[in-house]
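Pasted below: my_file.cif, mmCIF, C-alpha atoms and all ligand atoms.
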```cif
data_entry
loop_
_atom_site.label_atom_id
_atom_site.label_comp_id
_atom_site.auth_asym_id
_atom_site.auth_seq_id
_atom_site.Cartn_x
_atom_site.Cartn_y
_atom_site.Cartn_z
CA MET A 1 9.03 -2.93 -14.10
CA THR A 2 11.25 -5.42 -15.94
CA LEU A 3 13.82 -7.99 -14.82
CA MET A 4 16.75 -6.54 -12.88
CA LYS A 5 19.81 -8.51 -13.94
CA SER A 6 22.20 -10.15 -11.51
CA TRP A 7 25.67 -11.67 -11.86
CA VAL A 8 24.12 -14.77 -10.25
CA ALA A 9 23.18 -16.40 -13.58
CA SER A 10 20.22 -18.47 -12.31
CA ALA A 11 18.53 -15.28 -11.08
CA ASN A 12 18.09 -14.06 -14.68
CA SER A 13 15.98 -17.00 -15.85
CA PRO A 14 12.37 -16.01 -16.61
CA ASP A 15 11.36 -19.15 -14.69
CA THR A 16 13.09 -18.41 -11.41
CA GLN A 17 10.93 -17.42 -8.46
CA PHE A 18 13.81 -15.43 -7.02
CA PRO A 19 15.19 -12.83 -9.47
CA LEU A 20 17.06 -9.78 -8.16
CA ASN A 21 13.69 -7.99 -8.08
CA ASN A 22 12.53 -10.37 -5.32
CA LEU A 23 15.24 -10.95 -2.64
CA PRO A 24 13.01 -12.69 -0.08
CA TYR A 25 14.21 -13.35 3.46
CA GLY A 26 14.51 -16.80 5.01
CA VAL A 27 16.40 -18.86 7.57
CA PHE A 28 18.54 -21.77 6.42
CA SER A 29 21.16 -24.27 7.52
CA THR A 30 23.47 -26.70 5.76
CA ASN A 31 24.85 -29.96 7.21
CA GLY A 32 25.72 -29.42 10.81
CA THR A 33 25.61 -25.60 10.77
CA GLU A 34 23.31 -23.39 12.86
CA PRO A 35 20.20 -21.89 11.25
CA ARG A 36 20.88 -18.28 10.18
CA CYS A 37 19.44 -15.54 7.97
CA GLY A 38 19.68 -15.90 4.20
CA VAL A 39 18.36 -14.18 1.08
CA ALA A 40 17.17 -16.18 -1.93
CA ILE A 41 18.70 -15.24 -5.29
CA GLY A 42 18.06 -17.57 -8.27
CA ASP A 43 18.78 -21.10 -7.08
CA MET A 44 21.18 -19.86 -4.39
CA ILE A 45 20.97 -18.37 -0.90
CA LEU A 46 23.15 -15.47 0.18
CA ASP A 47 24.47 -16.28 3.67
CA MET A 48 23.71 -13.06 5.53
CA ALA A 49 25.57 -14.10 8.69
CA ALA A 50 28.75 -14.67 6.67
CA CYS A 51 28.30 -11.37 4.78
CA GLU A 52 27.90 -9.58 8.11
CA ALA A 53 31.00 -11.26 9.59
CA GLU A 54 33.00 -10.17 6.53
CA GLY A 55 31.73 -6.59 6.80
CA LEU A 56 29.93 -6.75 3.43
CA ILE A 57 26.59 -5.87 5.04
CA THR A 58 26.24 -3.73 8.13
CA LEU A 59 23.07 -2.08 9.29
CA ASP A 60 23.58 1.47 10.59
CA GLU A 61 21.27 0.86 13.49
CA GLY A 62 22.78 -2.47 14.48
CA GLY A 63 20.80 -5.66 13.96
CA ALA A 64 22.10 -9.09 13.35
CA PHE A 65 21.84 -11.85 10.79
CA ASP A 66 23.60 -14.61 12.76
CA LEU A 67 20.22 -15.52 14.23
CA PRO A 68 17.54 -18.08 13.38
CA CYS A 69 14.94 -15.36 12.61
CA TRP A 70 14.49 -11.97 10.94
CA ASN A 71 12.78 -10.37 13.95
CA ASP A 72 15.74 -8.09 14.81
CA VAL A 73 15.71 -6.59 11.32
CA MET A 74 11.92 -6.34 11.29
CA GLU A 75 11.93 -4.21 14.43
CA LEU A 76 14.32 -1.67 12.89
CA GLY A 77 11.61 -0.32 10.61
CA PRO A 78 11.06 0.80 7.02
CA GLU A 79 14.16 3.02 6.59
CA VAL A 80 16.50 0.21 7.55
CA TRP A 81 14.51 -2.24 5.39
CA SER A 82 15.09 0.08 2.40
CA GLN A 83 18.81 0.46 3.17
CA LEU A 84 19.19 -3.29 3.40
CA ARG A 85 17.43 -3.92 0.10
CA ALA A 86 19.51 -1.22 -1.63
CA ARG A 87 22.72 -2.79 -0.28
CA LEU A 88 21.67 -6.30 -1.41
CA ILE A 89 20.87 -5.00 -4.90
CA ALA A 90 24.26 -3.22 -5.04
CA LEU A 91 26.06 -6.45 -4.07
CA LEU A 92 24.12 -8.74 -6.42
CA LYS A 93 23.35 -6.64 -9.53
CA GLU A 94 24.95 -7.47 -12.88
CA ASP A 95 27.49 -4.63 -12.71
CA ALA A 96 28.25 -4.97 -8.98
CA ALA A 97 31.68 -3.68 -7.94
CA GLU A 98 33.02 -6.86 -6.34
CA PRO A 99 31.08 -10.02 -7.20
CA GLU A 100 34.18 -12.08 -6.34
CA ALA A 101 33.97 -10.85 -2.73
CA VAL A 102 30.35 -12.00 -2.42
CA ALA A 103 30.37 -15.24 -4.43
CA PRO A 104 31.97 -17.33 -1.63
CA PHE A 105 28.91 -16.66 0.54
CA LEU A 106 26.36 -18.15 -1.86
CA VAL A 107 24.96 -21.54 -0.83
CA ALA A 108 22.98 -23.78 -3.21
CA GLN A 109 19.32 -23.95 -2.20
CA ALA A 110 19.42 -27.66 -3.07
CA GLU A 111 21.89 -28.20 -0.21
CA ALA A 112 20.07 -26.12 2.40
CA ASP A 113 17.33 -26.87 4.90
CA LEU A 114 14.83 -24.07 5.37
CA HIS A 115 13.48 -23.14 8.79
CA MET A 116 10.82 -20.77 10.17
CA PRO A 117 11.87 -17.32 8.88
CA LEU A 118 10.61 -15.52 11.98
CA LEU A 119 9.52 -16.03 15.56
CA VAL A 120 5.76 -15.55 15.33
CA SER A 121 4.59 -13.32 18.19
CA GLU A 122 0.88 -13.89 17.78
CA PHE A 123 -1.35 -15.20 15.02
CA THR A 124 -4.68 -13.74 13.96
CA ASP A 125 -6.76 -15.17 11.15
CA PHE A 126 -9.35 -13.24 9.19
CA TYR A 127 -12.39 -14.12 7.08
CA ALA A 128 -12.01 -11.42 4.48
CA GLY A 129 -12.54 -13.14 1.14
CA LYS A 130 -16.05 -12.42 -0.07
CA HIS A 131 -16.42 -15.41 -2.39
CA HIS A 132 -15.30 -17.71 0.44
CA ALA A 133 -17.66 -16.08 2.93
CA MET A 134 -20.54 -16.28 0.42
CA ASN A 135 -19.86 -19.96 -0.37
CA VAL A 136 -19.56 -21.02 3.26
CA GLY A 137 -22.49 -18.84 4.34
CA THR A 138 -24.70 -20.23 1.55
CA MET A 139 -23.90 -23.79 2.64
CA PHE A 140 -24.68 -23.11 6.29
CA ARG A 141 -27.39 -20.43 6.23
CA GLY A 142 -28.70 -20.24 2.68
CA PRO A 143 -27.95 -17.60 0.00
CA GLU A 144 -30.15 -14.86 1.56
CA ASN A 145 -28.27 -14.93 4.86
CA ALA A 146 -24.87 -15.96 3.50
CA LEU A 147 -23.00 -12.85 4.60
CA PRO A 148 -23.34 -12.03 8.29
CA PRO A 149 -24.72 -8.48 8.81
CA ASN A 150 -21.31 -7.19 9.99
CA TRP A 151 -19.29 -8.65 7.10
CA LEU A 152 -19.33 -5.66 4.73
CA HIS A 153 -18.32 -3.34 7.60
CA ILE A 154 -15.70 -5.27 9.61
CA PRO A 155 -12.80 -7.51 8.61
CA ILE A 156 -13.93 -10.42 10.82
CA GLY A 157 -11.16 -12.35 12.57
CA TYR A 158 -10.29 -14.56 15.52
CA ASN A 159 -7.18 -14.79 17.66
CA GLY A 160 -5.35 -17.97 16.69
CA ARG A 161 -2.25 -19.70 18.03
CA ALA A 162 1.37 -18.76 17.30
CA SER A 163 2.61 -21.97 18.95
CA SER A 164 1.45 -24.17 16.09
CA VAL A 165 2.66 -22.07 13.13
CA VAL A 166 5.12 -24.30 11.25
CA VAL A 167 7.32 -23.91 8.20
CA SER A 168 6.58 -25.57 4.87
CA GLY A 169 7.67 -29.22 4.84
CA THR A 170 6.58 -29.90 8.41
CA ASP A 171 4.19 -32.86 8.61
CA VAL A 172 0.78 -32.10 10.08
CA VAL A 173 -0.76 -34.61 12.48
CA ARG A 174 -4.48 -35.15 11.96
CA PRO A 175 -6.13 -33.57 15.01
CA ASN A 176 -8.36 -35.34 17.48
CA GLY A 177 -11.38 -33.47 18.67
CA GLN A 178 -14.94 -33.37 19.82
CA THR A 179 -17.63 -33.61 17.16
CA LYS A 180 -21.34 -34.25 17.06
CA ALA A 181 -23.26 -35.72 14.17
CA PRO A 182 -26.56 -33.82 13.59
CA ASP A 183 -28.64 -36.92 14.44
CA ALA A 184 -26.56 -38.01 17.47
CA ASP A 185 -27.68 -37.39 21.06
CA MET A 186 -24.15 -37.06 22.41
CA PRO A 187 -20.90 -35.75 20.97
CA SER A 188 -17.96 -38.12 20.43
CA PHE A 189 -14.18 -37.74 20.50
CA GLY A 190 -11.71 -38.96 17.91
CA PRO A 191 -9.74 -38.17 14.75
CA CYS A 192 -11.07 -35.36 12.55
CA LYS A 193 -13.03 -36.75 9.59
CA ARG A 194 -13.33 -33.53 7.59
CA LEU A 195 -9.78 -32.18 7.41
CA ASP A 196 -9.34 -29.20 5.09
CA ILE A 197 -6.97 -26.51 3.87
CA GLU A 198 -7.45 -22.77 3.62
CA LEU A 199 -5.44 -21.02 0.91
CA GLU A 200 -4.32 -17.71 2.41
CA ILE A 201 -1.62 -15.05 2.35
CA GLY A 202 -0.01 -14.15 5.68
CA ALA A 203 1.05 -10.57 6.39
CA ILE A 204 3.97 -10.14 8.81
CA VAL A 205 3.92 -7.10 11.09
CA GLY A 206 7.40 -5.55 11.20
CA THR A 207 7.06 -2.59 13.57
CA SER A 208 4.93 -2.54 16.69
CA SER A 209 2.10 -0.24 17.72
CA ALA A 210 1.64 0.96 21.29
CA LEU A 211 -1.04 -0.31 23.66
CA GLY A 212 -3.97 2.09 23.58
CA GLN A 213 -2.85 3.65 20.28
CA PRO A 214 -4.84 3.01 17.10
CA VAL A 215 -3.14 3.28 13.69
CA SER A 216 -4.46 4.54 10.36
CA VAL A 217 -4.66 2.25 7.34
CA ALA A 218 -1.64 4.08 5.85
CA GLN A 219 0.33 3.62 9.08
CA ALA A 220 -0.69 -0.02 9.14
CA ASP A 221 0.59 -0.53 5.60
CA ALA A 222 3.93 1.02 6.60
CA MET A 223 4.18 -1.39 9.57
CA ILE A 224 3.97 -4.51 7.35
CA PHE A 225 7.36 -6.15 6.68
CA GLY A 226 6.29 -8.68 4.08
CA TYR A 227 4.08 -11.56 3.05
CA VAL A 228 4.13 -15.38 3.03
CA LEU A 229 1.82 -18.12 1.76
CA LEU A 230 -0.27 -19.49 4.58
CA ASN A 231 -2.29 -22.70 4.91
CA ASP A 232 -4.81 -22.42 7.74
CA TRP A 233 -5.46 -26.15 8.21
CA SER A 234 -9.06 -26.59 9.39
CA ALA A 235 -10.96 -29.45 11.03
CA ARG A 236 -14.45 -28.80 9.66
CA ASP A 237 -16.32 -31.35 11.81
CA ILE A 238 -14.71 -30.02 15.00
CA GLN A 239 -15.32 -26.44 13.85
CA ALA A 240 -19.02 -27.04 13.15
CA TRP A 241 -19.66 -28.22 16.72
CA GLU A 242 -17.46 -25.80 18.67
CA TYR A 243 -17.60 -22.50 16.80
CA GLN A 244 -20.66 -20.77 18.18
CA PRO A 245 -20.64 -18.26 19.76
CA LEU A 246 -16.91 -17.46 20.10
CA GLY A 247 -15.53 -18.67 16.76
CA PRO A 248 -13.04 -21.42 15.86
CA PHE A 249 -10.94 -22.84 18.69
CA GLN A 250 -9.39 -26.35 18.45
CA ALA A 251 -10.55 -26.69 14.82
CA LYS A 252 -7.78 -24.33 13.73
CA ALA A 253 -5.33 -24.47 16.65
CA PHE A 254 -3.43 -27.64 15.67
CA ALA A 255 -1.36 -26.32 12.73
CA THR A 256 -0.84 -23.37 10.40
CA SER A 257 1.83 -23.75 7.69
CA ILE A 258 3.73 -20.86 6.12
CA SER A 259 6.12 -20.70 3.16
CA PRO A 260 9.81 -20.31 4.10
CA TRP A 261 10.56 -17.01 2.31
CA ILE A 262 9.22 -13.63 3.44
CA VAL A 263 8.52 -11.64 0.27
CA THR A 264 8.99 -7.96 1.05
CA LYS A 265 6.60 -5.15 0.31
CA ALA A 266 9.32 -3.54 -1.83
CA ALA A 267 9.45 -6.60 -4.13
CA LEU A 268 5.65 -6.56 -4.46
CA GLU A 269 5.40 -2.79 -5.05
CA PRO A 270 4.79 -3.05 -8.85
CA PHE A 271 1.87 -5.42 -8.19
CA ARG A 272 -0.18 -3.22 -5.89
CA THR A 273 -3.85 -3.15 -6.75
CA THR A 274 -7.06 -1.86 -5.24
CA THR A 275 -9.53 -3.89 -3.23
CA PRO A 276 -12.82 -4.61 -5.09
CA GLU A 277 -15.51 -1.92 -5.21
CA ARG A 278 -17.23 -1.41 -1.83
CA GLU A 279 -20.80 -2.58 -1.63
CA LYS A 280 -21.32 -0.42 1.46
CA ASP A 281 -19.16 2.56 2.36
CA LEU A 282 -16.60 1.69 4.98
CA LEU A 283 -16.29 3.73 8.13
CA PRO A 284 -13.50 6.31 7.70
CA TYR A 285 -10.97 4.47 9.88
CA LEU A 286 -11.03 1.50 7.45
CA ARG A 287 -10.80 3.38 4.15
CA GLU A 288 -7.70 2.79 2.04
CA PRO A 289 -5.94 5.98 0.91
CA SER A 290 -4.15 4.10 -1.92
CA PRO A 291 -3.99 0.55 -3.35
CA MET A 292 -2.85 -1.89 -0.66
CA LEU A 293 -3.77 -5.27 -2.10
CA TYR A 294 -1.51 -7.21 -4.52
CA ASP A 295 -1.96 -9.10 -7.78
CA ILE A 296 -0.53 -12.52 -6.83
CA ASP A 297 -1.48 -15.73 -8.69
CA LEU A 298 -2.11 -18.60 -6.31
CA SER A 299 -2.62 -22.34 -6.75
CA VAL A 300 -3.14 -25.50 -4.73
CA THR A 301 -2.12 -29.06 -5.55
CA MET A 302 -3.06 -32.32 -3.85
CA ALA A 303 -1.02 -35.54 -4.08
CA PRO A 304 -2.02 -38.87 -2.55
CA LYS A 305 0.93 -40.65 -0.88
CA GLY A 306 3.59 -41.55 -3.45
CA GLN A 307 1.53 -40.29 -6.38
CA ALA A 308 1.47 -37.35 -8.78
CA ALA A 309 -0.01 -34.02 -7.71
CA THR A 310 -3.19 -32.57 -9.23
CA THR A 311 -3.90 -28.84 -9.32
CA ILE A 312 -7.20 -28.44 -7.49
CA ALA A 313 -7.53 -24.62 -7.40
CA ARG A 314 -6.16 -21.47 -9.02
CA THR A 315 -7.05 -18.01 -7.80
CA ASN A 316 -5.54 -14.59 -7.03
CA TYR A 317 -4.91 -12.55 -3.89
CA ASN A 318 -6.63 -9.59 -5.62
CA GLN A 319 -9.97 -11.28 -4.76
CA MET A 320 -9.74 -10.16 -1.08
CA TYR A 321 -12.40 -7.69 0.06
CA TYR A 322 -10.10 -6.26 2.77
CA SER A 323 -6.32 -5.75 2.48
CA ALA A 324 -3.86 -6.73 5.22
CA ALA A 325 -3.41 -3.01 6.00
CA GLN A 326 -7.15 -2.65 6.62
CA GLN A 327 -7.10 -5.77 8.80
CA LEU A 328 -4.15 -4.46 10.79
CA ALA A 329 -5.76 -1.03 11.26
CA HIS A 330 -8.94 -2.73 12.45
CA HIS A 331 -6.96 -4.98 14.80
CA ALA A 332 -5.32 -1.95 16.46
CA SER A 333 -8.51 0.16 16.43
CA SER A 334 -9.53 -0.84 19.96
CA GLY A 335 -6.08 0.02 21.27
CA CYS A 336 -4.84 -3.57 20.96
CA ALA A 337 -1.03 -3.41 20.74
CA MET A 338 0.29 -5.02 17.56
CA THR A 339 3.73 -6.55 17.92
CA SER A 340 6.70 -7.05 15.66
CA GLY A 341 6.41 -10.65 14.50
CA ASP A 342 2.60 -10.76 14.51
CA LEU A 343 1.19 -12.85 11.67
CA LEU A 344 -2.17 -11.98 10.08
CA GLY A 345 -3.88 -14.57 7.89
CA SER A 346 -5.88 -13.00 5.04
CA GLY A 347 -8.78 -15.42 5.22
CA THR A 348 -9.44 -18.05 2.57
CA ILE A 349 -8.91 -16.69 -0.93
CA SER A 350 -11.55 -17.91 -3.37
CA GLY A 351 -12.51 -16.45 -6.73
CA PRO A 352 -15.99 -16.39 -8.32
CA GLU A 353 -15.51 -19.63 -10.32
CA LYS A 354 -15.70 -23.18 -9.04
CA SER A 355 -12.07 -23.77 -10.07
CA GLU A 356 -11.03 -20.80 -7.91
CA ARG A 357 -12.12 -22.09 -4.52
CA GLY A 358 -9.47 -22.01 -1.80
CA SER A 359 -10.81 -24.77 0.48
CA LEU A 360 -12.08 -28.32 -0.02
CA LEU A 361 -15.21 -27.35 1.92
CA GLU A 362 -16.09 -25.08 -1.01
CA MET A 363 -14.64 -27.26 -3.82
CA THR A 364 -16.68 -30.29 -2.73
CA TRP A 365 -19.62 -28.20 -1.44
CA GLY A 366 -19.47 -29.55 2.08
CA GLY A 367 -18.28 -32.98 0.92
CA LYS A 368 -21.34 -33.55 -1.30
CA GLU A 369 -19.49 -33.21 -4.62
CA PRO A 370 -16.13 -35.00 -4.29
CA ILE A 371 -13.32 -33.87 -6.58
CA THR A 372 -11.52 -36.34 -8.85
CA LEU A 373 -7.72 -36.26 -8.92
CA ALA A 374 -5.54 -37.04 -11.96
CA THR A 375 -4.79 -40.41 -10.32
CA GLY A 376 -8.51 -41.28 -10.57
CA GLU A 377 -8.98 -41.11 -6.80
CA THR A 378 -11.70 -38.92 -5.37
CA ARG A 379 -11.58 -36.73 -2.29
CA SER A 380 -14.17 -34.93 -0.20
CA PHE A 381 -11.63 -33.99 2.45
CA ILE A 382 -7.94 -34.77 3.13
CA GLU A 383 -6.84 -38.37 3.80
CA ASP A 384 -3.77 -39.53 5.71
CA GLY A 385 -0.65 -39.41 3.53
CA ASP A 386 -2.00 -36.66 1.25
CA THR A 387 0.35 -33.78 0.50
CA LEU A 388 -1.11 -30.31 -0.06
CA THR A 389 1.03 -27.63 -1.69
CA LEU A 390 0.25 -23.94 -2.02
CA SER A 391 2.20 -21.88 -4.57
CA GLY A 392 2.14 -18.21 -5.40
CA ALA A 393 3.82 -15.69 -7.68
CA ALA A 394 3.27 -12.15 -8.92
CA GLN A 395 3.81 -12.08 -12.70
CA GLY A 396 5.98 -9.22 -13.98
CA ASP A 397 7.19 -8.39 -17.47
CA GLY A 398 9.64 -11.25 -18.12
CA TYR A 399 10.09 -12.11 -14.47
CA LYS A 400 8.10 -13.21 -11.46
CA ILE A 401 8.13 -12.64 -7.73
CA GLY A 402 7.71 -16.13 -6.30
CA PHE A 403 6.83 -17.16 -2.77
CA GLY A 404 8.29 -20.68 -2.96
CA SER A 405 5.96 -23.44 -1.80
CA CYS A 406 3.95 -24.07 1.32
CA ILE A 407 3.84 -27.85 1.66
CA GLY A 408 2.28 -30.10 4.28
CA THR A 409 1.67 -33.85 4.47
CA ILE A 410 -0.99 -35.26 6.79
CA THR A 411 0.05 -38.05 9.15
CA PRO A 412 -2.43 -40.21 11.13
CA ALA A 413 -3.99 -38.94 14.35
CA VAL A 414 -2.22 -39.89 17.57
CA LYS A 415 -3.93 -42.22 20.03
CA PHE A 416 -5.34 -40.13 22.85
CA PRO A 417 -3.63 -40.72 26.23
CA GLU A 418 -5.61 -43.06 28.54
MN MN A 501 -8.58 -19.16 7.78
#
```

Now, as a test, write the supplied structure out as structure tokens.
Ligand code: MN
Amino acid sequence: MTLMKSWVASANSPDTQFPLNNLPYGVFSTNGTEPRCGVAIGDMILDMAACEAEGLITLDEGGAFDLPCWNDVMELGPEVWSQLRARLIALLKEDAAEPEAVAPFLVAQAEADLHMPLLVSEFTDFYAGKHHAMNVGTMFRGPENALPPNWLHIPIGYNGRASSVVVSGTDVVRPNGQTKAPDADMPSFGPCKRLDIELEIGAIVGTSSALGQPVSVAQADAMIFGYVLLNDWSARDIQAWEYQPLGPFQAKAFATSISPWIVTKAALEPFRTTTPEREKDLLPYLREPSPMLYDIDLSVTMAPKGQAATTIARTNYNQMYYSAAQQLAHHASSGCAMTSGDLLGSGTISGPEKSERGSLLEMTWGGKEPITLATGETRSFIEDGDTLTLSGAAQGDGYKIGFGSCIGTITPAVKFPE
């Protein structure tokens, strides 16, 4: 696949994250206007509500773009998603019939505020990166017992909170919580001291499954609407004390950031790749009939307040042991109904090298080996005022499919009410 040319000049630059091949879906507003659906193209946004009002885009099955979320479109399913993409390409391609009819509805990204692109129904987070699971397991249980006995058979997950999923650019308040130092008799309560990121990709479920009705991995793949970058902020000291036996609770409930543009499966199609070789055969209900993972370069930067950012990790989504389709099929396997708007976090994405670790817990080996930033400062975990930015892009031949950025700045913990 090569670059598809558009009459929107900025979309043809090899550096843009949003060529015609991409067309990711977001929600935007400009001064004093209501948030509504938009599509990124080059450095512009196509105002979908305006295009709909002018009759330039109509979905056969109904659906609306004058809304602050894409959920209506998501529910319509894969045929409508394909029709919509085909129509957008027809309107925006280099030899489009009437560019002058569409041009008035382009808004400069520089003048727009971006909002949550969807209403998140529920949020589930997985633990499906093998290098991450090995690193964390080695730290806590030693290399022989690093992987729990179920890990090679089940995509392990926990049910998280949709209420605290926020869009890139939203500040994150350092959580308070209960912790216990290993040598202390009693736990204490106060601001988290070991605040961390988790570099993840979020899969967005487009079509629902019925209660009591499992889905195959192929059906699960068809249900997925698209992908976003996801930062599963984690309070390691709170997590260490609370997590057994039911898994993380408050340690991961305070915030999850996502990037503002939903990159569709269609845009990522040329970058499909297989999950790594199985070390143990999977049970039939989890086997992938075709490649369902993607080759997406990922990176993380950290910037102390008012200072330059340092890249602290580079890795790739192709390192996941389980794909989002496998995770979704597993999630529905009990008969759990999956809902349009559900968000599934991949689990922390780490590669085999030290420079490829997707959390500070791993980068600093539990805080024992602080990293040094370009500013000369060191960090074991995140300090107040630090800004963490996740970026991601699939690299095509002369173009890329970018995800935009997933940015969050940490603000001080609030004083607990008396
Ligand atoms: Mn996570």

Top pick for closest residue to Arg379 (chain A), considering A:Leu84, A:Ile312, A:Val102, A:Leu298 and counting all atoms listed in the file: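 Answer, going by the shortest atom-to-atom distance: A:Ile312.
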
Selection within 10 Å of ligand MN 501 (chain A) by only C-alpha atoms and all ligand atoms, output as a PyMOL selection string: chain A and resi 124-129+157-158+160+197-201+230-234+248+252+256+344-349+359

Length of the CA of Glu94 (chain A) to CA of Val27 (chain A) vector [Å]: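 Between CA of Glu94 (chain A) and CA of Val27 (chain A) the gap is 24.9 Å.
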
Radius query 12 Å about (-12.2, 10.1, 13.4), atoms used: all atoms listed in the file, as number ranges by chain: A: 214-216, 283-287, 333

Selected residue of minimal separation from Asp171 (chain A) among A:Leu195, A:Glu269, A:Ala255, A:Gly392, counting all atoms listed in the file: A:Ala255

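With only C-alpha atoms as the basis for measurement, A:Leu56 is the residue among A:Ala112, A:Ile407, A:Leu56, A:Ala267 that approaches Glu98 (chain A) most closely.
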
Residue nearest Gly341 (chain A) among A:Asp66, A:Glu75, A:Glu54, A:Glu34 (counting all atoms listed in the file): A:Glu75

Residue among A:Ile258, A:Ala253, A:Ala9, A:Ala332 lying closest to His115 (chain A), counting all atoms listed in the file: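 Ranking A:Ile258, A:Ala253, A:Ala9, A:Ala332 by distance to His115 (chain A), first place goes to A:Ile258.
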
Distance in Å - CA of Ile401 (chain A) versus CA of Met320 (chain A):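 Taking CA of Ile401 (chain A) as the start and CA of Met320 (chain A) as the end point, the length is 19.2 Å.
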
Nearest to Thr339 (chain A) by atom-to-atom distance, counting only C-alpha atoms, from A:Glu377, A:Asp47, A:Asp185, A:Glu122: A:Glu122

Shell of 7 Å around Trp70 (chain A), only C-alpha atoms, local chain residues under 2 positions omitted, as a count of residues only: 6

Atomic distance CA of Ala394 (chain A) - CA of Gly202 (chain A), expressed in Å with one decimal: 15.1 Å

Surrounding residues of Ser208 (chain A) excluding itself and chain neighbours under 3 positions, 8 Å, all atoms listed in the file, as a list in words: Glu75, Val205, Met223, Ala337, Met338, Thr339 and Ser340 of chain A

Thr315 (chain A) environment, 10 Å, all atoms listed in the file, sequence neighbours closer than 6 positions dropped, as a PyMOL selection string: chain A and resi 199+296-300+349-353+355-358+392

Surrounding residues of Gln250 (chain A) excluding itself and chain neighbours under 2 positions, 9 Å, all atoms listed in the file, as an NGL selection string: :A and (175 or 177 or 235 or 238-239 or 242 or 248 or 252-254)

Let me know the centre plus edge lengths, in Å and rounded to one decimal, of a box with edges along x, y and z that contains all listed atoms of region 202-219 of chain A and is padded by 8 Å on every side, as JSON.
```
{"center_x": 1.3, "center_y": -4.8, "center_z": 14.7, "size_x": 28.2, "size_y": 34.7, "size_z": 34.0}
```

Lys5 (chain A) environment, 10 Å, all atoms listed in the file, sequence neighbours closer than 2 positions dropped, as a ChimeraX atom specification: /A:2-3,7-9,11-13,19-21,89,92-95

Polymer residues at most 12 Å from (-5.2, -39.9, 23.6) by all atoms listed in the file, as a VMD selection string: chain A and resid 175 to 177 189 to 191 413 to 418
